[in-house]
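A.B. asks: Pasting a structure here, questions to come.
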Amino acid sequence: MTQMQLLTYEAIPGLAPKSTDGDVAQTIDLPRPQLAASMPLMAALSLRASTREFSTAPLPLDMLGALLWAADGVNRPITGGRTAPSPHGFQEIDIYVALPNGVYRYDSPTHRLILKHAIDARNMTGYQDFVGTAPLDLVYVVHSSRLLTMPASQRDIFSAVTAGAISQNVSLFCASAGLATVVRGWINHRLLGDALSLNEDELPILAQTVGLTTGRDEESGPAKA
């Protein structure tokens, strides 16, 4: 049996967020998803795969809206239920969206992006060379203060399960929409938390890169702030 290569989690010297390109909007209202415009679940499962090559072309805004709704959007408006399960409905995972023109938090109840930090932090979301050039990096952040009524021994487990469910939702959407994606755990938690201006009770635990496949062109407009 070969020895598994150990990954280093040391900060990359001189790594810093980039300045944004263009105007930075405080909020971005996302189009509602077209629920009937998707392939069958079994077909999406057959196509689900991790990809590490991405076009630099931006995602169309309607595609970004559909992707985030699939990730953890409200699918039961009366109760506020989400597309991803969460223990006791704590909704302890926030999705941060790193775009070329800012870092945003996805607000599920209003289906909009809310500006968190006017920087391009894509290159801070991991160590792989593609994270700074792919059009979208999602960061899954545990808001630990929402779990205070849960036994401490269960908090890490259940928050990890929730993040895993969200990332799988994203992966299946990408498979159905012909997008490339990969889930990444190789992140520097402290460095990324500082770049996203997170509070002490917020911890990034997982990242996921999304983009068009290499060579694919989209005629619809990009996701602009």
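Labeling convention for the structure tokens: chains A, B, ... as they appear, residues from 1 per chain, ligands from 1 in order of appearance.
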Using only C-alpha atoms, I'd like a table of the residues in segment 89-110 of chain A that come within 10 Å of segment 46-68 of chain A; for each, show the closest atom pair and its distance in Å rounded to one decimal, ordered by chain and ascending number, as a Markdown table.
C.D. replies:
| residue | atom | partner | partner_atom | distance |
| --- | --- | --- | --- | --- |
| A:Ile95 | CA | A:Leu68 | CA | 8.6 |
| A:Val97 | CA | A:Leu68 | CA | 9.3 |
| A:Leu99 | CA | A:Pro58 | CA | 8.9 |
| A:Pro100 | CA | A:Pro58 | CA | 8.9 |
| A:Tyr106 | CA | A:Leu68 | CA | 7.5 |
| A:Asp107 | CA | A:Leu68 | CA | 9.5 |
| A:Ser108 | CA | A:Leu68 | CA | 8.3 |
A.B. asks: Write a file of the selected residues as a PDB file, in the first residue's frame, keeping C-alpha atoms.
C.D. replies:
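That gives us out38.pdb:
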ATOM      1  CA  ILE A  95     -23.092  30.187   2.000  1.00  0.00           C
ATOM      2  CA  VAL A  97     -20.241  33.581  -2.628  1.00  0.00           C
ATOM      3  CA  LEU A  99     -17.186  36.604  -7.119  1.00  0.00           C
ATOM      4  CA  PRO A 100     -14.719  38.797  -9.024  1.00  0.00           C
ATOM      5  CA  TYR A 106     -26.567  34.164   0.149  1.00  0.00           C
ATOM      6  CA  ASP A 107     -29.768  35.091   2.010  1.00  0.00           C
ATOM      7  CA  SER A 108     -32.131  32.182   1.414  1.00  0.00           C
TER       8      SER A 108
END
A.B. asks: Name the residues in contact with Ala121 of chain A at a cut-off of 8 Å, using only C-alpha atoms, excluding same-chain residues fewer than 3 positions from it; report them as a ChimeraX atom specification.
C.D. replies: /A:16-18,98-100,102-103,124-125,132,195-196
A.B. asks: Let's have the selection written as a short mmCIF file (atom, residue, chain, number, x, y, z; two decimals), in the first residue's frame, with N, CA and C atoms.
C.D. replies:
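Final file, out_15.cif:
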data_model
loop_
_atom_site.label_atom_id
_atom_site.label_comp_id
_atom_site.auth_asym_id
_atom_site.auth_seq_id
_atom_site.Cartn_x
_atom_site.Cartn_y
_atom_site.Cartn_z
N ALA A 16 -2.93 37.54 -0.64
CA ALA A 16 -3.84 38.58 -0.19
C ALA A 16 -4.99 38.70 -1.17
N PRO A 17 -6.15 39.19 -0.71
CA PRO A 17 -7.26 39.39 -1.64
C PRO A 17 -6.90 40.40 -2.73
N LYS A 18 -7.62 40.31 -3.84
CA LYS A 18 -7.41 41.22 -4.95
C LYS A 18 -8.47 42.31 -4.91
N ALA A 98 -17.97 33.96 -3.41
CA ALA A 98 -16.81 34.76 -3.81
C ALA A 98 -16.85 34.97 -5.32
N LEU A 99 -17.11 36.21 -5.71
CA LEU A 99 -17.19 36.60 -7.12
C LEU A 99 -16.06 37.59 -7.43
N PRO A 100 -15.77 37.83 -8.70
CA PRO A 100 -14.72 38.80 -9.02
C PRO A 100 -14.99 40.20 -8.48
N GLY A 102 -16.73 40.98 -5.55
CA GLY A 102 -17.12 41.05 -4.14
C GLY A 102 -17.44 39.70 -3.54
N VAL A 103 -17.41 39.67 -2.21
CA VAL A 103 -17.84 38.50 -1.46
C VAL A 103 -19.23 38.77 -0.90
N MET A 124 -8.29 33.26 -2.15
CA MET A 124 -8.09 32.95 -0.74
C MET A 124 -8.86 31.70 -0.32
N THR A 125 -9.66 31.16 -1.22
CA THR A 125 -10.56 30.08 -0.83
C THR A 125 -9.94 28.70 -0.94
N GLY A 132 -8.45 30.97 -8.05
CA GLY A 132 -8.42 32.40 -8.24
C GLY A 132 -8.91 32.86 -9.60
N ALA A 195 -10.15 36.89 5.54
CA ALA A 195 -10.45 37.48 4.23
C ALA A 195 -11.94 37.76 4.07
N LEU A 196 -12.78 36.90 4.66
CA LEU A 196 -14.23 37.06 4.55
C LEU A 196 -14.80 37.96 5.64
#
A.B. asks: What separation in Å, quoted to one decimal, exists between atom CA of Thr110 of chain A and atom CA of Val170 of chain A?
C.D. replies: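 Calculated distance between atom CA of Thr110 of chain A and atom CA of Val170 of chain A is 19.0 Å.
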A.B. asks: Give the strand (DSSP E or B) residues of segment 7-195 of chain A, as assigned by DSSP on the backbone, as a count of residues only.
C.D. replies: 44
A.B. asks: Calculated over only C-alpha atoms, which of the candidates A:Asn101, A:Ile166, A:Arg112, A:Asp94 has the smallest distance to Leu30 of chain A?
C.D. replies: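 Closest to Leu30 of chain A, using only C-alpha atoms: A:Arg112.
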A.B. asks: As a ChimeraX atom specification, please: every residue in segment 149-211 of chain A that a backbone DSSP assignment puts in helix (DSSP H, G or I).
C.D. replies: /A:152-177,189-195
A.B. asks: Between A:Ala160, A:Pro85, A:Leu191, A:Thr214, which has the minimum distance to Gly178 of chain A (counting only C-alpha atoms)?
C.D. replies: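 Using only C-alpha atoms, Gly178 of chain A sits closest to A:Thr214.
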A.B. asks: Which residues, written as a PyMOL selection string, have at least one atom at most 7 Å from Leu147 of chain A, with only C-alpha atoms counted and residues fewer than 5 positions away on the same chain left out?
C.D. replies: chain A and resi 90+92+155
A.B. asks: Can you work out which one of A:Ala163, A:Ile119, A:Ile205, A:Cys174 has the shortest atom-to-atom distance to Ala25 of chain A, counting only C-alpha atoms?
C.D. replies: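 When distances to Ala25 of chain A are compared using only C-alpha atoms, the smallest one comes from A:Ile119.
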A.B. asks: Atom CA of Arg76 of chain A and atom CA of Ala207 of chain A, how far apart in Å?
C.D. replies: 26.2 Å
A.B. asks: Could you give me, as a PyMOL selection string, the residues within 12 Å of Ile93 of chain A, counting only C-alpha atoms and dropping anything in the same chain fewer than 3 positions from it?
C.D. replies: chain A and resi 71-72+82+84-87+89-90+96+105-108+138-147+155-156+158-167+201-206
A.B. asks: Using atom CA of Tyr127 of chain A and atom CA of Glu200 of chain A as the two end points, give the distance in Å to one decimal.
C.D. replies: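 Distance between the two atoms: 23.1 Å.
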